[in-house]
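File shown here: model24.txt, holding compact mmCIF, C-alpha atoms.
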# COMPACT_ATOMS: atom_id res chain seq x y z
CA MET A 26 -7.95 6.46 -15.89
CA ILE A 27 -7.18 6.37 -12.16
CA TYR A 28 -6.96 3.01 -10.39
CA GLY A 29 -6.59 2.04 -6.75
CA ALA A 30 -4.78 -1.11 -5.65
CA VAL A 31 -5.07 -2.48 -2.11
CA LEU A 32 -2.18 -4.89 -1.59
CA ALA A 33 -3.16 -7.85 0.58
CA GLY A 34 -0.89 -10.62 -0.65
CA GLY A 35 0.86 -11.23 2.69
CA VAL A 36 0.09 -14.03 5.14
CA GLY A 37 0.83 -12.11 8.36
CA SER A 38 3.71 -14.21 9.69
CA ARG A 39 4.69 -11.57 12.27
CA MET A 40 1.24 -11.21 13.79
CA LYS A 41 1.05 -14.70 15.39
CA MET A 42 -2.44 -14.00 16.74
CA ALA A 43 -4.72 -15.93 14.42
CA ASP A 44 -4.79 -18.62 11.74
CA MET A 45 -5.47 -16.05 9.03
CA PRO A 46 -3.59 -13.12 7.45
CA LYS A 47 -3.59 -9.97 9.58
CA GLN A 48 -5.67 -7.99 7.10
CA PHE A 49 -8.66 -10.16 8.02
CA LEU A 50 -8.49 -9.53 11.78
CA GLU A 51 -11.47 -7.68 13.21
CA LEU A 52 -10.93 -4.01 14.01
CA GLY A 53 -14.04 -2.68 15.66
CA ASP A 54 -17.05 -3.99 13.78
CA ARG A 55 -15.29 -5.13 10.59
CA PRO A 56 -12.01 -6.59 9.29
CA ILE A 57 -8.99 -4.36 8.81
CA ILE A 58 -9.06 -4.75 5.03
CA ILE A 59 -12.69 -3.64 4.81
CA HIS A 60 -11.83 -0.40 6.64
CA THR A 61 -9.06 0.17 4.08
CA ILE A 62 -11.21 -0.61 1.05
CA GLU A 63 -13.97 1.68 2.29
CA LYS A 64 -11.50 4.58 2.51
CA PHE A 65 -10.73 4.15 -1.18
CA LEU A 66 -14.40 3.91 -2.10
CA THR A 67 -15.06 7.34 -0.60
CA VAL A 68 -12.89 8.89 -3.35
CA SER A 69 -14.96 9.29 -6.51
CA ARG A 70 -11.93 9.94 -8.74
CA PHE A 71 -11.11 6.23 -8.93
CA ASP A 72 -12.35 4.47 -12.05
CA LYS A 73 -11.82 1.06 -10.47
CA LEU A 74 -10.36 -0.47 -7.30
CA PHE A 75 -8.33 -3.69 -7.36
CA ILE A 76 -7.47 -6.03 -4.48
CA GLY A 77 -4.28 -8.08 -4.81
CA ILE A 78 -4.71 -11.14 -2.61
CA HIS A 79 -2.85 -14.39 -1.89
CA GLY A 80 -4.39 -17.14 -4.01
CA GLU A 81 -5.47 -19.21 -1.00
CA TRP A 82 -7.61 -16.32 0.28
CA LYS A 83 -9.23 -15.20 -2.99
CA ILE A 84 -12.59 -16.84 -2.32
CA TYR A 85 -12.53 -15.63 1.28
CA ILE A 86 -12.09 -11.97 0.30
CA GLU A 87 -14.80 -12.28 -2.35
CA ASP A 88 -17.21 -13.58 0.30
CA LEU A 89 -16.13 -10.80 2.65
CA LEU A 90 -16.76 -8.12 0.05
CA SER A 91 -20.22 -9.53 -0.55
CA LYS A 92 -20.95 -9.59 3.18
CA TYR A 93 -20.19 -5.87 3.48
CA GLY A 94 -22.10 -4.90 0.36
CA ILE A 95 -19.09 -4.18 -1.86
CA SER A 96 -19.90 -5.27 -5.40
CA GLY A 97 -17.78 -6.54 -8.26
CA GLU A 98 -18.66 -3.33 -10.07
CA GLN A 99 -16.67 -1.46 -7.44
CA VAL A 100 -13.81 -3.87 -6.74
CA ILE A 101 -11.93 -6.46 -8.81
CA VAL A 102 -10.01 -9.20 -6.98
CA VAL A 103 -6.68 -10.29 -8.48
CA GLU A 104 -4.38 -13.08 -7.32
CA GLY A 105 -1.17 -11.67 -5.89
CA GLY A 106 2.39 -12.39 -6.95
CA ASN A 107 5.36 -13.84 -5.09
CA ASP A 108 6.12 -10.48 -3.48
CA ARG A 109 4.75 -6.95 -3.20
CA ASN A 110 5.94 -5.82 -6.61
CA GLY A 111 4.78 -9.06 -8.19
CA THR A 112 1.30 -8.32 -6.83
CA ILE A 113 1.38 -4.78 -8.26
CA MET A 114 2.44 -6.16 -11.64
CA ASN A 115 -0.39 -8.72 -11.56
CA VAL A 116 -2.85 -5.89 -10.93
CA ILE A 117 -1.36 -3.90 -13.81
CA LYS A 118 -1.62 -6.95 -16.06
CA LYS A 119 -5.31 -7.26 -15.21
CA ILE A 120 -5.84 -3.54 -15.86
CA GLU A 121 -4.20 -3.94 -19.25
CA GLU A 122 -6.38 -6.97 -20.06
CA LEU A 123 -9.63 -5.26 -19.08
CA PHE A 124 -9.10 -1.63 -20.03
CA GLY A 125 -5.77 -1.23 -21.81
CA ILE A 126 -3.17 1.27 -20.60
CA SER A 127 -2.65 4.80 -21.84
CA GLY A 128 0.29 7.08 -21.16
CA GLN A 129 -1.73 9.05 -18.60
CA ASP A 130 -3.18 6.23 -16.47
CA ILE A 131 -2.08 6.10 -12.82
CA ILE A 132 -2.28 3.58 -10.00
CA VAL A 133 -2.45 4.33 -6.26
CA THR A 134 -1.05 1.33 -4.34
CA HIS A 135 -1.67 0.91 -0.61
CA ASP A 136 -1.08 -1.60 2.17
CA ALA A 137 -4.27 -3.43 3.17
CA VAL A 138 -3.18 -3.14 6.80
CA ARG A 139 -3.06 0.68 6.89
CA PRO A 140 -6.77 1.26 7.64
CA PHE A 141 -6.46 4.85 8.90
CA LEU A 142 -5.60 6.27 5.50
CA THR A 143 -7.14 9.70 4.99
CA ARG A 144 -8.94 11.16 2.00
CA ARG A 145 -6.39 13.99 1.94
CA ILE A 146 -3.49 11.55 1.51
CA ILE A 147 -5.30 9.74 -1.31
CA GLU A 148 -6.13 12.97 -3.12
CA ASP A 149 -2.54 14.23 -2.72
CA ASN A 150 -1.24 10.95 -4.18
CA ILE A 151 -3.52 11.21 -7.19
CA ASP A 152 -2.53 14.82 -7.83
CA SER A 153 1.20 14.11 -7.41
CA ALA A 154 1.17 11.00 -9.62
CA LEU A 155 -0.64 12.92 -12.35
CA LYS A 156 1.85 15.80 -12.12
CA TYR A 157 5.16 14.04 -11.42
CA GLY A 158 4.58 10.44 -12.53
CA MET A 159 5.73 8.85 -9.25
CA CYS A 160 5.19 9.66 -5.59
CA ASP A 161 5.64 8.16 -2.13
CA THR A 162 3.88 8.97 1.15
CA VAL A 163 6.34 9.73 3.97
CA LEU A 164 6.65 11.25 7.42
CA SER A 165 9.59 13.33 8.60
CA ALA A 166 11.62 11.32 11.11
CA THR A 167 11.12 12.57 14.66
CA ASP A 168 13.55 10.15 16.30
CA THR A 169 17.26 9.96 15.58
CA ILE A 170 17.96 7.30 12.96
CA VAL A 171 20.76 4.87 13.82
CA VAL A 172 22.45 2.70 11.17
CA SER A 173 24.09 -0.59 12.07
CA GLN A 174 25.73 -2.80 9.46
CA ASP A 175 26.12 -5.81 11.75
CA GLY A 176 23.24 -5.45 14.18
CA GLY A 177 25.60 -5.07 17.11
CA PHE A 178 27.36 -1.72 16.73
CA ILE A 179 26.45 1.69 15.32
CA SER A 180 27.79 2.31 11.82
CA ASP A 181 26.35 5.76 11.26
CA ILE A 182 23.91 8.35 12.61
CA PRO A 183 22.63 10.34 9.61
CA ASP A 184 21.32 13.89 9.84
CA ARG A 185 17.67 13.57 10.92
CA GLN A 186 16.53 16.54 8.83
CA PHE A 187 17.09 14.41 5.70
CA MET A 188 15.41 11.26 7.09
CA TYR A 189 11.82 10.20 6.46
CA GLN A 190 9.68 7.21 7.39
CA GLY A 191 8.04 5.55 4.43
CA GLN A 192 4.31 4.86 4.44
CA THR A 193 1.83 4.17 1.66
CA PRO A 194 0.17 4.93 -0.73
CA GLN A 195 2.85 4.84 -3.38
CA SER A 196 1.46 6.03 -6.70
CA PHE A 197 2.69 5.84 -10.27
CA ASN A 198 2.11 6.45 -13.92
CA ILE A 199 1.28 2.85 -14.85
CA LYS A 200 3.08 2.75 -18.18
CA GLN A 201 6.27 4.21 -16.70
CA LEU A 202 6.28 1.84 -13.72
CA LYS A 203 5.72 -1.21 -15.91
CA GLU A 204 8.52 -0.23 -18.28
CA LEU A 205 10.93 0.46 -15.40
CA TYR A 206 10.16 -2.85 -13.68
CA GLU A 207 10.59 -4.83 -16.87
CA SER A 208 13.98 -3.17 -17.48
CA LEU A 209 15.40 -4.38 -14.15
CA SER A 210 17.71 -7.39 -13.97
CA ASP A 211 16.80 -10.34 -11.75
CA ASP A 212 19.48 -9.25 -9.26
CA GLN A 213 17.97 -5.77 -9.08
CA LYS A 214 14.48 -7.20 -8.57
CA ASN A 215 15.78 -9.31 -5.70
CA ILE A 216 16.90 -6.26 -3.68
CA LEU A 217 13.64 -4.34 -4.03
CA THR A 218 12.01 -3.37 -0.74
CA ASP A 219 9.03 -1.55 -2.21
CA ALA A 220 7.70 -0.18 -5.49
CA CYS A 221 9.44 3.21 -5.22
CA LYS A 222 12.82 1.48 -5.21
CA ILE A 223 12.03 0.34 -8.76
CA CYS A 224 12.27 4.02 -9.66
CA THR A 225 15.21 5.08 -7.49
CA ILE A 226 17.42 2.18 -8.63
CA LEU A 227 17.09 3.54 -12.15
CA GLY A 228 17.68 7.15 -11.12
CA LYS A 229 14.08 8.33 -11.51
CA LYS A 230 12.83 11.08 -9.19
CA VAL A 231 9.98 10.21 -6.81
CA HIS A 232 7.91 13.07 -5.43
CA ILE A 233 7.14 13.21 -1.69
CA VAL A 234 3.60 13.36 -0.30
CA GLU A 235 3.12 14.19 3.38
CA GLY A 236 1.80 11.26 5.38
CA ASP A 237 0.06 11.13 8.73
CA VAL A 238 1.14 9.67 12.06
CA TYR A 239 -2.15 7.75 12.25
CA ASN A 240 -1.53 6.12 8.87
CA MET A 241 0.16 3.22 10.66
CA LYS A 242 0.81 -0.27 9.37
CA ILE A 243 -0.63 -3.05 11.54
CA THR A 244 2.12 -5.68 11.52
CA THR A 245 2.61 -6.93 15.09
CA PRO A 246 0.33 -7.68 18.08
CA GLY A 247 1.47 -4.36 19.57
CA ASP A 248 0.40 -2.50 16.43
CA TYR A 249 -2.98 -4.22 16.61
CA LYS A 250 -3.54 -3.00 20.17
CA ILE A 251 -2.60 0.56 19.17
CA ALA A 252 -4.98 0.39 16.20
CA GLN A 253 -7.81 -0.72 18.48
CA ALA A 254 -7.11 2.25 20.74
CA ILE A 255 -7.00 4.67 17.79
CA LEU A 256 -10.29 3.34 16.47
CA GLY A 257 -11.85 3.72 19.91
CA VAL A 258 -10.78 7.37 20.07
CA MET A 259 -12.12 8.04 16.57
CA VAL A 260 -15.46 6.42 17.37
CA THR A 261 -15.73 8.49 20.56
CA VAL A 262 -14.99 11.71 18.67
CA ASP A 263 -17.54 10.86 15.97
Will you turn the file into structure tokens for me?
Amino acid sequence: MIYGAVLAGGVGSRMKMADMPKQFLELGDRPIIIHTIEKFLTVSRFDKLFIGIHGEWKIYIEDLLSKYGISGEQVIVVEGGNDRNGTIMNVIKKIEELFGISGQDIIVTHDAVRPFLTRRIIEDNIDSALKYGMCDTVLSATDTIVVSQDGGFISDIPDRQFMYQGQTPQSFNIKQLKELYESLSDDQKNILTDACKICTILGKKVHIVEGDVYNMKITTPGDYKIAQAILGVMVTVD
């Protein structure tokens, strides 16, 4: 079985543009999260799509899905956890409750606020997760990466040819990811920045999938303006 998981558990504290999480802001003629969900629904290989949402917005997203003609047969809404990985684990728990988990099942996890995801990236994630068990979507760094330990002075400038910018989706064999997460100590869980770090902390190899410069994450008001411009260009081209 192949599952999609759109992660929308955040409350958008960095956006400061509206009294709702950023994934619900309008982008063109529909909310950001609807654009993202529709990208997943174009891929027929998914057996089911899950939405991990903050508990306070569960009814809101269910109403939104209904408004845009997305049925419960297509999408299952799950209350998110305390953080990103907690939300992923809640989705996995629901999958296990509804369908069980086999050793071959995979999950493709994606930020709700990356609405310009392409079908190619999704398909590459599915193929890589099936083959390698774990994969991450990345872009080669084009700018020099500067490291600062104190925020005031440069600590290191690593070789750019080995640097990449992380995006999503991040995709996994479900059984392996669950077992790895449950084996972590509380201290290890507290330093996680994303799901792939669950794997790297424990020395597991994560395959790389090529991302796309347009697969941006809408986090700040500046990002939102760029996304509006990108959508305008895409609409014009279409």
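Take the candidates A:Gln253, A:Ser69, A:Gln213, A:Asn240 and check each one against Ile151 in chain A using only C-alpha atoms; the shortest distance goes to A:Ser69.
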Close residues, Ser210 in chain A itself excluded, 12 Å, only C-alpha atoms, min 5 positions apart in chain, as a PDB file with C-alpha atoms, in the frame of the given file:
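Below is the file that was written, selection_15.pdb:
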ATOM      1  CA  LEU A 205      10.930   0.460 -15.400  1.00  0.00           C
ATOM      2  CA  ASN A 215      15.780  -9.310  -5.700  1.00  0.00           C
ATOM      3  CA  ILE A 216      16.900  -6.260  -3.680  1.00  0.00           C
ATOM      4  CA  LEU A 217      13.640  -4.340  -4.030  1.00  0.00           C
ATOM      5  CA  ILE A 223      12.030   0.340  -8.760  1.00  0.00           C
ATOM      6  CA  ILE A 226      17.420   2.180  -8.630  1.00  0.00           C
ATOM      7  CA  LEU A 227      17.090   3.540 -12.150  1.00  0.00           C
TER       8      LEU A 227
END
Residues within 6 Å of range 228-234 of chain A, please, as a compact mmCIF listing (two decimals) with C-alpha atoms, keeping the file's coordinate frame. Count only C-alpha atoms; anything in the same chain fewer than 4 positions from it doesn't count.
# COMPACT_ATOMS: atom_id res chain seq x y z
CA MET A 159 5.73 8.85 -9.25
CA CYS A 160 5.19 9.66 -5.59
CA ASP A 161 5.64 8.16 -2.13
CA THR A 162 3.88 8.97 1.15
CA CYS A 224 12.27 4.02 -9.66
**Message:** When you look at range 183-192 of chain A with a cut-off of 6 Å (counting only C-alpha atoms), what residues show up, excluding the ones that are within fewer than 5 positions of it in the same chain? I need them as a PyMOL selection string.
**Reply:** chain A and resi 162-166+169
Please build the interface table for range 178-228 of chain A against range 107-113 of chain A with a cut-off of 12 Å, listing for each qualifying residue the nearest atom pair and the distance in Å to one decimal; count all atoms listed in the file, order rows by chain and increasing number, and write it as a tab-separated table.
residue	atom	partner	partner_atom	distance
A:Gln195	CA	A:Ile113	CA	10.9
A:Ser196	CA	A:Ile113	CA	10.9
A:Phe197	CA	A:Ile113	CA	10.9
A:Ile199	CA	A:Ile113	CA	10.1
A:Leu202	CA	A:Ile113	CA	9.9
A:Lys203	CA	A:Ile113	CA	9.5
A:Leu205	CA	A:Asn110	CA	11.9
A:Tyr206	CA	A:Asn110	CA	8.8
A:Glu207	CA	A:Gly111	CA	11.3
A:Lys214	CA	A:Asn110	CA	8.9
A:Asn215	CA	A:Asp108	CA	10.0
A:Ile216	CA	A:Asn110	CA	11.4
A:Leu217	CA	A:Asn110	CA	8.3
A:Thr218	CA	A:Arg109	CA	8.5
A:Asp219	CA	A:Asn110	CA	6.9
A:Ala220	CA	A:Asn110	CA	6.0
A:Cys221	CA	A:Asn110	CA	9.8
A:Lys222	CA	A:Asn110	CA	10.1
A:Ile223	CA	A:Asn110	CA	8.9
Grab the residues selected above and save them as a PDB file, in the coordinates of the input with C-alpha atoms.
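Result file part.pdb:
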ATOM      1  CA  GLN A 195       2.850   4.840  -3.380  1.00  0.00           C
ATOM      2  CA  SER A 196       1.460   6.030  -6.700  1.00  0.00           C
ATOM      3  CA  PHE A 197       2.690   5.840 -10.270  1.00  0.00           C
ATOM      4  CA  ILE A 199       1.280   2.850 -14.850  1.00  0.00           C
ATOM      5  CA  LEU A 202       6.280   1.840 -13.720  1.00  0.00           C
ATOM      6  CA  LYS A 203       5.720  -1.210 -15.910  1.00  0.00           C
ATOM      7  CA  LEU A 205      10.930   0.460 -15.400  1.00  0.00           C
ATOM      8  CA  TYR A 206      10.160  -2.850 -13.680  1.00  0.00           C
ATOM      9  CA  GLU A 207      10.590  -4.830 -16.870  1.00  0.00           C
ATOM     10  CA  LYS A 214      14.480  -7.200  -8.570  1.00  0.00           C
ATOM     11  CA  ASN A 215      15.780  -9.310  -5.700  1.00  0.00           C
ATOM     12  CA  ILE A 216      16.900  -6.260  -3.680  1.00  0.00           C
ATOM     13  CA  LEU A 217      13.640  -4.340  -4.030  1.00  0.00           C
ATOM     14  CA  THR A 218      12.010  -3.370  -0.740  1.00  0.00           C
ATOM     15  CA  ASP A 219       9.030  -1.550  -2.210  1.00  0.00           C
ATOM     16  CA  ALA A 220       7.700  -0.180  -5.490  1.00  0.00           C
ATOM     17  CA  CYS A 221       9.440   3.210  -5.220  1.00  0.00           C
ATOM     18  CA  LYS A 222      12.820   1.480  -5.210  1.00  0.00           C
ATOM     19  CA  ILE A 223      12.030   0.340  -8.760  1.00  0.00           C
TER      20      ILE A 223
END
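The space between CA of Phe71 in chain A and CA of Pro56 in chain A spans 22.3 Å.
In this comparison, which uses only C-alpha atoms, the residue of A:Leu52, A:Val31, A:Ile243, A:Ile86 approaching Thr134 in chain A most closely is A:Val31.
Comparing the minimum interatomic distances between Asp88 in chain A and each of A:Gly105, A:Ile59, A:Asp211, A:Tyr157, counting all atoms listed in the file, we find that A:Ile59 sits nearest.
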**Request:** Report the distance between CA of Ile76 in chain A and CA of Gly35 in chain A in Å, rounded to one decimal place.
**Result:** 12.2 Å
**Asked** How far is it from CA of Tyr28 in chain A to CA of Asp72 in chain A, in Å with one decimal?
**Response** 5.8 Å
**Residue among A:Gly106, A:Pro194, A:Gly177, A:Gly158 lying closest to Phe65 in chain A, counting all atoms listed in the file** = A:Pro194
Surrounding residues of range 144-146 of chain A excluding itself and chain neighbours under 2 positions, 10 Å, all atoms listed in the file, as a compact mmCIF listing (two decimals) with C-alpha atoms, keeping the file's coordinate frame:
# COMPACT_ATOMS: atom_id res chain seq x y z
CA LYS A 64 -11.50 4.58 2.51
CA PHE A 65 -10.73 4.15 -1.18
CA LEU A 66 -14.40 3.91 -2.10
CA THR A 67 -15.06 7.34 -0.60
CA VAL A 68 -12.89 8.89 -3.35
CA PHE A 141 -6.46 4.85 8.90
CA LEU A 142 -5.60 6.27 5.50
CA GLU A 148 -6.13 12.97 -3.12
CA ASP A 149 -2.54 14.23 -2.72
CA ASN A 150 -1.24 10.95 -4.18
CA ILE A 151 -3.52 11.21 -7.19
CA ASP A 152 -2.53 14.82 -7.83
CA THR A 162 3.88 8.97 1.15
CA THR A 193 1.83 4.17 1.66
CA PRO A 194 0.17 4.93 -0.73
CA VAL A 234 3.60 13.36 -0.30
CA GLU A 235 3.12 14.19 3.38
CA GLY A 236 1.80 11.26 5.38
CA ASP A 237 0.06 11.13 8.73
CA ASN A 240 -1.53 6.12 8.87
**Request:** Identify which of the residues A:Ile170, A:Ile132, A:Ile120, A:Gly53 lies closest to Ala30 in chain A, counting all atoms listed in the file when measuring atom-to-atom distances.
**Result:** A:Ile132
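Using only C-alpha atoms, the residues found no farther than 12 Å from Glu51 in chain A, other than those of its own chain fewer than 6 positions away, are Met42, Ala43, Met45, Ile57, Ile58, Ile59, His60, Leu89, Val138, Pro140, Ile243, Tyr249, Lys250, Ala252, Gln253 and Leu256 of chain A.
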